[in-house]
>>> print(open('my_file26.pdb').read())   # PDB, C-alpha atoms
ATOM      1  CA  MET Y   1      14.709 102.104   5.548
ATOM      2  CA  THR Y   2      13.307  98.838   4.224
ATOM      3  CA  CYS Y   3      16.163  96.471   3.674
ATOM      4  CA  ALA Y   4      14.200  93.438   2.571
ATOM      5  CA  ARG Y   5      10.665  92.329   1.870
ATOM      6  CA  LEU Y   6       9.288  88.816   1.604
ATOM      7  CA  THR Y   7       5.775  88.027   0.457
ATOM      8  CA  VAL Y   8       4.881  84.400   1.026
ATOM      9  CA  PRO Y   9       1.711  82.298   0.731
ATOM     10  CA  SER Y  10      -0.259  81.456   3.870
ATOM     11  CA  GLU Y  11       1.393  78.076   4.324
ATOM     12  CA  ALA Y  12       3.417  77.014   7.344
ATOM     13  CA  ARG Y  13       6.215  75.636   5.165
ATOM     14  CA  TRP Y  14       7.303  79.198   4.374
ATOM     15  CA  ALA Y  15       8.085  79.840   8.037
ATOM     16  CA  ASP Y  16      11.622  78.499   7.532
ATOM     17  CA  LEU Y  17      12.344  81.093   4.858
ATOM     18  CA  VAL Y  18      10.990  83.945   6.951
ATOM     19  CA  HIS Y  19      12.946  82.758  10.000
ATOM     20  CA  ALA Y  20      16.150  82.420   7.989
ATOM     21  CA  ALA Y  21      15.806  85.895   6.476
ATOM     22  CA  ALA Y  22      15.356  87.576   9.852
ATOM     23  CA  GLU Y  23      18.153  85.582  11.484
ATOM     24  CA  LYS Y  24      20.579  86.182   8.623
ATOM     25  CA  MET Y  25      19.842  89.884   8.548
ATOM     26  CA  ALA Y  26      20.404  90.104  12.307
ATOM     27  CA  LEU Y  27      23.774  88.402  11.939
ATOM     28  CA  THR Y  28      24.673  90.701   9.069
ATOM     29  CA  VAL Y  29      24.103  93.835  11.120
ATOM     30  CA  GLY Y  30      26.075  92.536  14.080
ATOM     31  CA  PHE Y  31      23.760  90.662  16.461
ATOM     32  CA  THR Y  32      25.237  87.721  18.330
ATOM     33  CA  GLU Y  33      24.237  84.271  17.074
ATOM     34  CA  ASP Y  34      21.989  83.814  20.111
ATOM     35  CA  ALA Y  35      20.216  87.147  19.622
ATOM     36  CA  ALA Y  36      19.863  86.518  15.899
ATOM     37  CA  LEU Y  37      18.229  83.153  16.597
ATOM     38  CA  ASP Y  38      15.873  84.883  19.039
ATOM     39  CA  LEU Y  39      14.756  87.292  16.324
ATOM     40  CA  GLY Y  40      14.437  84.453  13.813
ATOM     41  CA  LEU Y  41      12.264  82.450  16.193
ATOM     42  CA  ALA Y  42      10.064  85.436  17.084
ATOM     43  CA  THR Y  43       9.609  86.295  13.410
ATOM     44  CA  ARG Y  44       8.784  82.667  12.632
ATOM     45  CA  GLU Y  45       6.063  82.700  15.283
ATOM     46  CA  ALA Y  46       4.628  85.955  13.952
ATOM     47  CA  ALA Y  47       4.526  84.514  10.431
ATOM     48  CA  ILE Y  48       2.883  81.271  11.585
ATOM     49  CA  ASN Y  49       0.267  83.258  13.523
ATOM     50  CA  ALA Y  50      -0.367  85.390  10.445
ATOM     51  CA  CYS Y  51      -0.936  82.261   8.330
ATOM     52  CA  ARG Y  52      -3.052  80.478  10.915
ATOM     53  CA  HIS Y  53      -5.031  83.111  12.792
ATOM     54  CA  GLY Y  54      -4.868  85.985  10.323
ATOM     55  CA  ASN Y  55      -5.276  84.444   6.896
ATOM     56  CA  ARG Y  56      -6.598  81.120   8.213
ATOM     57  CA  PHE Y  57      -4.308  79.276   5.822
ATOM     58  CA  ASP Y  58      -6.144  80.797   2.853
ATOM     59  CA  THR Y  59      -3.467  80.426   0.181
ATOM     60  CA  ALA Y  60      -5.108  83.170  -1.855
ATOM     61  CA  LYS Y  61      -3.912  85.527   0.878
ATOM     62  CA  SER Y  62      -0.260  86.258   1.474
ATOM     63  CA  VAL Y  63       1.853  87.187   4.462
ATOM     64  CA  ARG Y  64       4.170  90.138   3.984
ATOM     65  CA  VAL Y  65       7.349  90.463   5.987
ATOM     66  CA  ASP Y  66       9.327  93.706   5.940
ATOM     67  CA  LEU Y  67      12.721  93.898   7.595
ATOM     68  CA  PHE Y  68      14.048  97.321   8.518
ATOM     69  CA  ARG Y  69      17.455  98.416   9.732
ATOM     70  CA  ILE Y  70      16.793 100.992  12.425
ATOM     71  CA  PRO Y  71      19.290 102.881  14.588
ATOM     72  CA  GLU Y  72      18.568 100.660  17.618
ATOM     73  CA  GLY Y  73      18.814  97.406  15.699
ATOM     74  CA  LEU Y  74      16.198  95.687  13.559
ATOM     75  CA  ARG Y  75      12.459  96.021  13.092
ATOM     76  CA  VAL Y  76      10.303  93.373  11.462
ATOM     77  CA  ASP Y  77       6.722  93.984  10.352
ATOM     78  CA  VAL Y  78       4.613  90.889   9.684
ATOM     79  CA  ARG Y  79       1.339  91.647   7.977
ATOM     80  CA  ASP Y  80      -1.618  89.414   7.225
ATOM     81  CA  TYR Y  81      -4.956  90.194   5.634
ATOM     82  CA  GLY Y  82      -7.264  88.776   8.279
ATOM     83  CA  THR Y  83      -9.701  90.479  10.587
ATOM     84  CA  GLY Y  84      -7.241  91.024  13.420
ATOM     85  CA  PHE Y  85      -7.236  89.693  16.941
ATOM     86  CA  ASP Y  86      -6.890  90.898  20.491
ATOM     87  CA  PRO Y  87      -3.502  89.772  21.800
ATOM     88  CA  MET Y  88      -4.583  90.504  25.359
ATOM     89  CA  ALA Y  89      -7.391  87.955  25.058
ATOM     90  CA  ALA Y  90      -5.007  85.050  24.535
ATOM     91  CA  PRO Y  91      -4.639  82.883  27.649
ATOM     92  CA  ASP Y  92      -1.271  82.688  29.382
ATOM     93  CA  PRO Y  93       0.152  79.302  28.319
ATOM     94  CA  THR Y  94       2.298  79.159  31.443
ATOM     95  CA  ASP Y  95      -0.762  79.108  33.720
ATOM     96  CA  ALA Y  96      -1.240  75.682  35.234
ATOM     97  CA  GLY Y  97      -4.612  75.340  33.508
ATOM     98  CA  HIS Y  98      -3.142  75.932  30.043
ATOM     99  CA  ARG Y  99       0.333  74.461  30.399
ATOM    100  CA  MET Y 100      -0.645  71.160  28.786
ATOM    101  CA  ASN Y 101      -2.248  72.816  25.765
ATOM    102  CA  THR Y 102      -0.578  71.807  22.522
ATOM    103  CA  THR Y 103      -0.957  75.277  20.984
ATOM    104  CA  GLY Y 104      -0.956  78.911  22.095
ATOM    105  CA  ARG Y 105       2.729  79.612  22.828
ATOM    106  CA  GLY Y 106       3.559  81.807  19.842
ATOM    107  CA  LEU Y 107       2.887  85.122  21.572
ATOM    108  CA  LEU Y 108       4.842  84.041  24.622
ATOM    109  CA  ILE Y 109       7.883  83.285  22.460
ATOM    110  CA  MET Y 110       7.559  86.569  20.566
ATOM    111  CA  ARG Y 111       7.332  88.579  23.774
ATOM    112  CA  ALA Y 112      10.312  86.797  25.304
ATOM    113  CA  PHE Y 113      12.654  86.999  22.331
ATOM    114  CA  VAL Y 114      12.321  90.605  21.176
ATOM    115  CA  ASP Y 115      12.545  93.914  23.020
ATOM    116  CA  GLU Y 116       9.323  95.402  21.722
ATOM    117  CA  LEU Y 117       6.183  93.864  20.271
ATOM    118  CA  HIS Y 118       3.367  95.957  18.835
ATOM    119  CA  PHE Y 119       0.070  95.097  17.203
ATOM    120  CA  GLY Y 120      -1.785  97.235  14.725
ATOM    121  CA  TYR Y 121      -5.008  96.636  12.841
ATOM    122  CA  ASP Y 122      -6.395  98.495   9.884
ATOM    123  CA  PRO Y 123      -9.678  97.290   8.331
ATOM    124  CA  HIS Y 124      -8.276  97.953   4.860
ATOM    125  CA  GLU Y 125      -4.738  96.765   5.356
ATOM    126  CA  GLY Y 126      -5.112  93.949   7.850
ATOM    127  CA  MET Y 127      -3.123  93.080  10.951
ATOM    128  CA  THR Y 128       0.498  94.047  11.418
ATOM    129  CA  VAL Y 129       2.728  92.668  14.132
ATOM    130  CA  THR Y 130       5.878  94.715  14.693
ATOM    131  CA  LEU Y 131       8.901  93.176  16.360
ATOM    132  CA  ILE Y 132      11.896  95.244  17.449
ATOM    133  CA  LYS Y 133      15.176  93.714  18.515
ATOM    134  CA  LYS Y 134      17.749  96.085  19.888
ATOM    135  CA  LEU Y 135      21.407  95.728  19.115
ATOM    136  CA  SER Y 136      23.244  96.067  22.388
ATOM    137  CA  PRO Y 137      26.970  96.043  22.989
ATOM    138  CA  ARG Y 138      28.375  92.634  23.730
ATOM    139  CA  VAL Y 139      28.711  92.319  27.487
ATOM    140  CA  GLU Y 140      30.199  89.337  29.223
ATOM    141  CA  THR Y 141      28.135  88.508  32.299
ATOM    142  CA  GLY Y 142      29.235  86.617  35.365
ATOM    143  CA  GLU Y 143      27.591  83.525  33.901
ATOM    144  CA  GLY Y 144      29.827  83.676  30.877
ATOM    145  CA  ARG Y 145      26.973  84.333  28.522
ATOM    146  CA  VAL Y 146      27.160  86.963  25.824
ATOM    147  CA  HIS Y 147      24.128  89.262  25.510
TER
ATOM    148  CA  MET R  22      15.324  66.510  11.827
ATOM    149  CA  LYS R  23      17.339  63.350  12.460
ATOM    150  CA  VAL R  24      15.881  60.529  14.542
ATOM    151  CA  ALA R  25      17.635  57.427  15.871
ATOM    152  CA  VAL R  26      16.122  54.900  18.252
ATOM    153  CA  ARG R  27      18.035  52.811  20.812
ATOM    154  CA  ASN R  28      16.561  50.240  23.165
ATOM    155  CA  ILE R  29      18.295  49.975  26.530
ATOM    156  CA  GLY R  30      16.545  47.477  28.757
ATOM    157  CA  PRO R  31      12.948  48.611  29.262
ATOM    158  CA  VAL R  32      13.672  52.119  27.973
ATOM    159  CA  THR R  33      13.630  53.391  24.416
ATOM    160  CA  VAL R  34      15.993  56.296  23.870
ATOM    161  CA  VAL R  35      15.148  58.522  20.932
ATOM    162  CA  ASP R  36      18.130  60.593  19.814
ATOM    163  CA  LEU R  37      16.854  63.693  18.073
ATOM    164  CA  GLY R  38      18.974  66.087  16.040
ATOM    165  CA  GLY R  39      18.376  69.330  14.187
ATOM    166  CA  LYS R  40      15.272  71.395  14.794
ATOM    167  CA  ILE R  41      11.744  70.536  15.846
ATOM    168  CA  THR R  42       9.577  72.947  13.918
ATOM    169  CA  ILE R  43       6.217  73.197  12.245
ATOM    170  CA  GLY R  44       5.546  70.819   9.390
ATOM    171  CA  GLU R  45       8.856  69.030   9.678
ATOM    172  CA  GLY R  46      10.375  67.965  12.963
ATOM    173  CA  ASP R  47       7.044  68.029  14.764
ATOM    174  CA  VAL R  48       5.557  65.525  12.312
ATOM    175  CA  GLN R  49       8.562  63.195  12.616
ATOM    176  CA  LEU R  50       8.487  63.381  16.387
ATOM    177  CA  ARG R  51       4.758  62.623  16.472
ATOM    178  CA  GLN R  52       5.112  59.627  14.157
ATOM    179  CA  THR R  53       8.156  58.246  15.972
ATOM    180  CA  VAL R  54       6.492  58.349  19.385
ATOM    181  CA  LEU R  55       3.203  57.014  17.969
ATOM    182  CA  ASP R  56       5.029  54.067  16.398
ATOM    183  CA  LEU R  57       6.873  53.336  19.641
ATOM    184  CA  LEU R  58       3.709  53.428  21.736
ATOM    185  CA  GLU R  59       1.833  51.245  19.285
ATOM    186  CA  GLY R  60       4.770  48.829  19.354
ATOM    187  CA  GLY R  61       4.439  48.514  23.112
ATOM    188  CA  ASN R  62       7.375  50.750  24.058
ATOM    189  CA  LYS R  63       6.029  52.671  27.023
ATOM    190  CA  ASN R  64       9.194  54.122  28.541
ATOM    191  CA  ILE R  65      10.457  56.787  26.187
ATOM    192  CA  LEU R  66      13.444  59.045  26.750
ATOM    193  CA  LEU R  67      13.777  61.872  24.246
ATOM    194  CA  ASN R  68      17.417  62.899  23.932
ATOM    195  CA  LEU R  69      17.408  66.581  22.965
ATOM    196  CA  GLU R  70      21.168  67.108  23.155
ATOM    197  CA  SER R  71      21.561  67.706  19.427
ATOM    198  CA  VAL R  72      18.360  69.694  18.940
ATOM    199  CA  SER R  73      19.307  73.269  18.116
ATOM    200  CA  TYR R  74      15.885  74.833  18.599
ATOM    201  CA  MET R  75      12.133  74.298  18.582
ATOM    202  CA  ASP R  76       9.249  76.539  17.672
ATOM    203  CA  SER R  77       5.805  76.640  19.282
ATOM    204  CA  ALA R  78       4.657  73.730  17.123
ATOM    205  CA  GLY R  79       7.617  71.634  18.235
ATOM    206  CA  ILE R  80       6.962  72.464  21.869
ATOM    207  CA  GLY R  81       3.303  71.610  21.362
ATOM    208  CA  GLU R  82       4.285  68.267  19.919
ATOM    209  CA  LEU R  83       6.427  67.478  22.962
ATOM    210  CA  VAL R  84       3.347  68.094  25.107
ATOM    211  CA  ALA R  85       1.206  65.974  22.766
ATOM    212  CA  CYS R  86       3.721  63.105  23.035
ATOM    213  CA  TYR R  87       3.647  63.358  26.821
ATOM    214  CA  LYS R  88      -0.164  63.220  26.879
ATOM    215  CA  ARG R  89      -0.354  60.429  24.303
ATOM    216  CA  ALA R  90       2.088  58.308  26.287
ATOM    217  CA  LYS R  91       0.176  58.920  29.500
ATOM    218  CA  GLU R  92      -3.056  57.769  27.841
ATOM    219  CA  LYS R  93      -1.337  54.482  27.048
ATOM    220  CA  ALA R  94       0.115  54.096  30.537
ATOM    221  CA  GLY R  95       3.500  55.156  29.238
ATOM    222  CA  VAL R  96       5.863  57.968  30.087
ATOM    223  CA  VAL R  97       7.993  60.431  28.138
ATOM    224  CA  LYS R  98      11.036  61.999  29.789
ATOM    225  CA  LEU R  99      13.651  64.402  28.467
ATOM    226  CA  LEU R 100      17.423  64.154  28.334
ATOM    227  CA  ASN R 101      19.972  66.941  27.870
ATOM    228  CA  PRO R 102      17.994  69.969  26.715
ATOM    229  CA  LYS R 103      20.571  72.649  25.996
ATOM    230  CA  GLY R 104      20.820  76.242  24.850
ATOM    231  CA  LYS R 105      17.679  77.541  23.205
ATOM    232  CA  VAL R 106      15.802  74.303  23.829
ATOM    233  CA  TYR R 107      16.414  74.644  27.559
ATOM    234  CA  ASP R 108      15.451  78.315  27.408
ATOM    235  CA  LEU R 109      12.150  77.421  25.727
ATOM    236  CA  LEU R 110      11.296  74.667  28.208
ATOM    237  CA  SER R 111      11.995  77.105  31.022
ATOM    238  CA  LEU R 112      10.038  79.947  29.393
ATOM    239  CA  THR R 113       6.984  77.752  28.878
ATOM    240  CA  LYS R 114       7.339  76.231  32.366
ATOM    241  CA  LEU R 115       7.329  72.770  30.830
ATOM    242  CA  GLU R 116      10.458  71.939  32.779
ATOM    243  CA  GLU R 117       8.020  71.626  35.683
ATOM    244  CA  VAL R 118       5.972  69.091  33.729
ATOM    245  CA  PHE R 119       8.620  66.845  32.206
ATOM    246  CA  ASP R 120      11.092  64.791  34.189
ATOM    247  CA  THR R 121      14.336  66.129  32.736
ATOM    248  CA  PHE R 122      17.854  64.730  33.109
ATOM    249  CA  ASN R 123      21.359  65.709  32.149
ATOM    250  CA  ASP R 124      22.792  62.243  32.651
ATOM    251  CA  GLU R 125      21.611  59.312  30.568
ATOM    252  CA  LYS R 126      22.347  56.652  33.187
ATOM    253  CA  GLU R 127      20.428  58.579  35.788
ATOM    254  CA  ALA R 128      17.546  58.963  33.356
ATOM    255  CA  LEU R 129      17.504  55.242  32.506
ATOM    256  CA  VAL R 130      17.213  54.116  36.137
ATOM    257  CA  SER R 131      14.411  56.599  36.772
ATOM    258  CA  PHE R 132      11.880  54.592  34.752
TER
END
>>> encode(input="my_file26.pdb", output="structure tokens")
Amino acid sequence: MTCARLTVPSEARWADLVHAAAEKMALTVGFTEDAALDLGLATREAAINACRHGNRFDTAKSVRVDLFRIPEGLRVDVRDYGTGFDPMAAPDPTDAGHRMNTTGRGLLIMRAFVDELHFGYDPHEGMTVTLIKKLSPRVETGEGRVH
Amino acid sequence: MKVAVRNIGPVTVVDLGGKITIGEGDVQLRQTVLDLLEGGNKNILLNLESVSYMDSAGIGELVACYKRAKEKAGVVKLLNPKGKVYDLLSLTKLEEVFDTFNDEKEALVSF
């Protein structure tokens, strides 16, 4: 079930709104503050990538963000109208040779902060990045951190 | 993002607060460090204690500040990264690049 949809111009300044929507929705359905921030940050990165690499900051093109409540937690689809990209072709920014790059960490953050990340490309509909964050029971670990 | 600058001996401490994100905090951070370097302040300690989070643009700007300082024979070090900021520095392996401290006095004498 779609719970919310945002359609924003391909401008980085809209990343705050997209981030806030995902984070707020995660809090609303019961994620911890830390997990909700993780989803907000991952969604922000997906939206920035969609603006930059997908739509190439063409303000005539929009970025569409759909937030779904699913049984496991939340799913976010971020769609742009570019020509797609190969996520496997992106260099690992943690490699010593790329660590001092000033860009290229968006995928790393997305992968780290959600449970599942999927990429889909349709020549007519553009590129869709799907992020899934699972809602797990609160468990106190030995380190005192809540997951 | 909030920025406050303190000079302690040969070190300039930049107290940052809020978030370092695309189009906002990253621009302020860039300009602050640029101004300091152009003003001859070469020992810069970025206090991240009150920074709640960064995005990839904010992280990229930290790296840019580090490189810019190095080009001018300066150095940028980090103080008190916490929570999500610490997680991000660890995730990106930048904790291996930056000299990072949890104690301001210890950081100050390291320059």
>>> closest_residue(input="my_file26.pdb", among="R:Ile43, R:Leu129, R:Asn101, R:Gln49", to="chain Y", atoms="only C-alpha atoms")
R:Ile43
>>> atom_distance(input="my_file26.pdb", atom1="CA of Glu45 (chain Y)", atom2="CA of Met110 (chain Y)")
6.7 Å
>>> interface_residues(input="my_file26.pdb", of="chain R", to="chain Y", cutoff="12 Å", atoms="all atoms listed in the file", output="PyMOL selection string")
chain R and resi 40-47+73-89+104-106+108-119
>>> write_last_selection(input="my_file26.pdb", atoms="C-alpha atoms", output="mmCIF file, in the coordinates of the input")
data_model
loop_
_atom_site.group_PDB
_atom_site.id
_atom_site.type_symbol
_atom_site.label_atom_id
_atom_site.label_comp_id
_atom_site.auth_asym_id
_atom_site.auth_seq_id
_atom_site.Cartn_x
_atom_site.Cartn_y
_atom_site.Cartn_z
ATOM 1 C CA LYS R 40 15.272 71.395 14.794
ATOM 2 C CA ILE R 41 11.744 70.536 15.846
ATOM 3 C CA THR R 42 9.577 72.947 13.918
ATOM 4 C CA ILE R 43 6.217 73.197 12.245
ATOM 5 C CA GLY R 44 5.546 70.819 9.390
ATOM 6 C CA GLU R 45 8.856 69.030 9.678
ATOM 7 C CA GLY R 46 10.375 67.965 12.963
ATOM 8 C CA ASP R 47 7.044 68.029 14.764
ATOM 9 C CA SER R 73 19.307 73.269 18.116
ATOM 10 C CA TYR R 74 15.885 74.833 18.599
ATOM 11 C CA MET R 75 12.133 74.298 18.582
ATOM 12 C CA ASP R 76 9.249 76.539 17.672
ATOM 13 C CA SER R 77 5.805 76.640 19.282
ATOM 14 C CA ALA R 78 4.657 73.730 17.123
ATOM 15 C CA GLY R 79 7.617 71.634 18.235
ATOM 16 C CA ILE R 80 6.962 72.464 21.869
ATOM 17 C CA GLY R 81 3.303 71.610 21.362
ATOM 18 C CA GLU R 82 4.285 68.267 19.919
ATOM 19 C CA LEU R 83 6.427 67.478 22.962
ATOM 20 C CA VAL R 84 3.347 68.094 25.107
ATOM 21 C CA ALA R 85 1.206 65.974 22.766
ATOM 22 C CA CYS R 86 3.721 63.105 23.035
ATOM 23 C CA TYR R 87 3.647 63.358 26.821
ATOM 24 C CA LYS R 88 -0.164 63.220 26.879
ATOM 25 C CA ARG R 89 -0.354 60.429 24.303
ATOM 26 C CA GLY R 104 20.820 76.242 24.850
ATOM 27 C CA LYS R 105 17.679 77.541 23.205
ATOM 28 C CA VAL R 106 15.802 74.303 23.829
ATOM 29 C CA ASP R 108 15.451 78.315 27.408
ATOM 30 C CA LEU R 109 12.150 77.421 25.727
ATOM 31 C CA LEU R 110 11.296 74.667 28.208
ATOM 32 C CA SER R 111 11.995 77.105 31.022
ATOM 33 C CA LEU R 112 10.038 79.947 29.393
ATOM 34 C CA THR R 113 6.984 77.752 28.878
ATOM 35 C CA LYS R 114 7.339 76.231 32.366
ATOM 36 C CA LEU R 115 7.329 72.770 30.830
ATOM 37 C CA GLU R 116 10.458 71.939 32.779
ATOM 38 C CA GLU R 117 8.020 71.626 35.683
ATOM 39 C CA VAL R 118 5.972 69.091 33.729
ATOM 40 C CA PHE R 119 8.620 66.845 32.206
#
>>> residues_around(input="my_file26.pdb", residues="Leu117 (chain Y)", least_positions_apart="6", cutoff="10 Å", atoms="only C-alpha atoms", output="compact mmCIF listing (two decimals) with C-alpha atoms, in the frame of the given file")
# COMPACT_ATOMS: atom_id res chain seq x y z
CA ALA Y 42 10.06 85.44 17.08
CA ARG Y 75 12.46 96.02 13.09
CA VAL Y 76 10.30 93.37 11.46
CA ASP Y 77 6.72 93.98 10.35
CA LEU Y 107 2.89 85.12 21.57
CA MET Y 110 7.56 86.57 20.57
CA ARG Y 111 7.33 88.58 23.77
CA VAL Y 129 2.73 92.67 14.13
CA THR Y 130 5.88 94.72 14.69
CA LEU Y 131 8.90 93.18 16.36
CA ILE Y 132 11.90 95.24 17.45
CA LYS Y 133 15.18 93.71 18.52
>>> atom_distance(input="my_file26.pdb", atom1="CA of Ala35 (chain Y)", atom2="CA of His19 (chain Y)")
12.8 Å
>>> atom_distance(input="my_file26.pdb", atom1="CA of Val130 (chain R)", atom2="CA of Lys63 (chain R)")
14.5 Å
>>> closest_residue(input="my_file26.pdb", among="Y:His124, Y:Arg5, Y:His118, Y:His53", to="Phe85 (chain Y)", atoms="all atoms listed in the file")
Y:His53
>>> closest_residue(input="my_file26.pdb", among="R:Tyr107, R:Gly39, R:Ile29, R:Val34", to="Val72 (chain R)", atoms="only C-alpha atoms")
R:Gly39
>>> residues_around(input="my_file26.pdb", residues="Cys3 (chain Y)", least_positions_apart="4", cutoff="7 Å", atoms="all atoms listed in the file", output="ChimeraX atom specification")
/Y:67-69
>>> resolve_selection(input="my_file26.pdb", expression="the PyMOL selection byres ((chain R and resi 30-33) around 7)", output="PDB file with C-alpha atoms, in the frame of the given file")
ATOM      1  CA  VAL R  26      16.122  54.900  18.252  1.00  0.00           C
ATOM      2  CA  ARG R  27      18.035  52.811  20.812  1.00  0.00           C
ATOM      3  CA  ASN R  28      16.561  50.240  23.165  1.00  0.00           C
ATOM      4  CA  ILE R  29      18.295  49.975  26.530  1.00  0.00           C
ATOM      5  CA  VAL R  34      15.993  56.296  23.870  1.00  0.00           C
ATOM      6  CA  VAL R  35      15.148  58.522  20.932  1.00  0.00           C
ATOM      7  CA  ASN R  62       7.375  50.750  24.058  1.00  0.00           C
ATOM      8  CA  ASN R  64       9.194  54.122  28.541  1.00  0.00           C
ATOM      9  CA  ILE R  65      10.457  56.787  26.187  1.00  0.00           C
ATOM     10  CA  LEU R  66      13.444  59.045  26.750  1.00  0.00           C
ATOM     11  CA  LEU R 129      17.504  55.242  32.506  1.00  0.00           C
TER      12      LEU R 129
END
>>> residues_around(input="my_file26.pdb", residues="Ser71 (chain R)", least_positions_apart="2", cutoff="8 Å", atoms="all atoms listed in the file", output="PyMOL selection string")
chain R and resi 36-39+68-69+73
>>> resolve_selection(input="my_file26.pdb", expression="the PyMOL selection byres ((chain Y and resi 24) around 12)", output="list in words")
Ala4, Asp16, Leu17, Val18, His19, Ala20, Ala21, Ala22, Glu23, Met25, Ala26, Leu27, Thr28, Val29, Gly30, Phe31, Thr32, Glu33, Asp34, Ala35, Ala36, Leu37, Asp38, Leu39, Gly40, Leu41, Thr43, Leu67 and Leu74 of chain Y
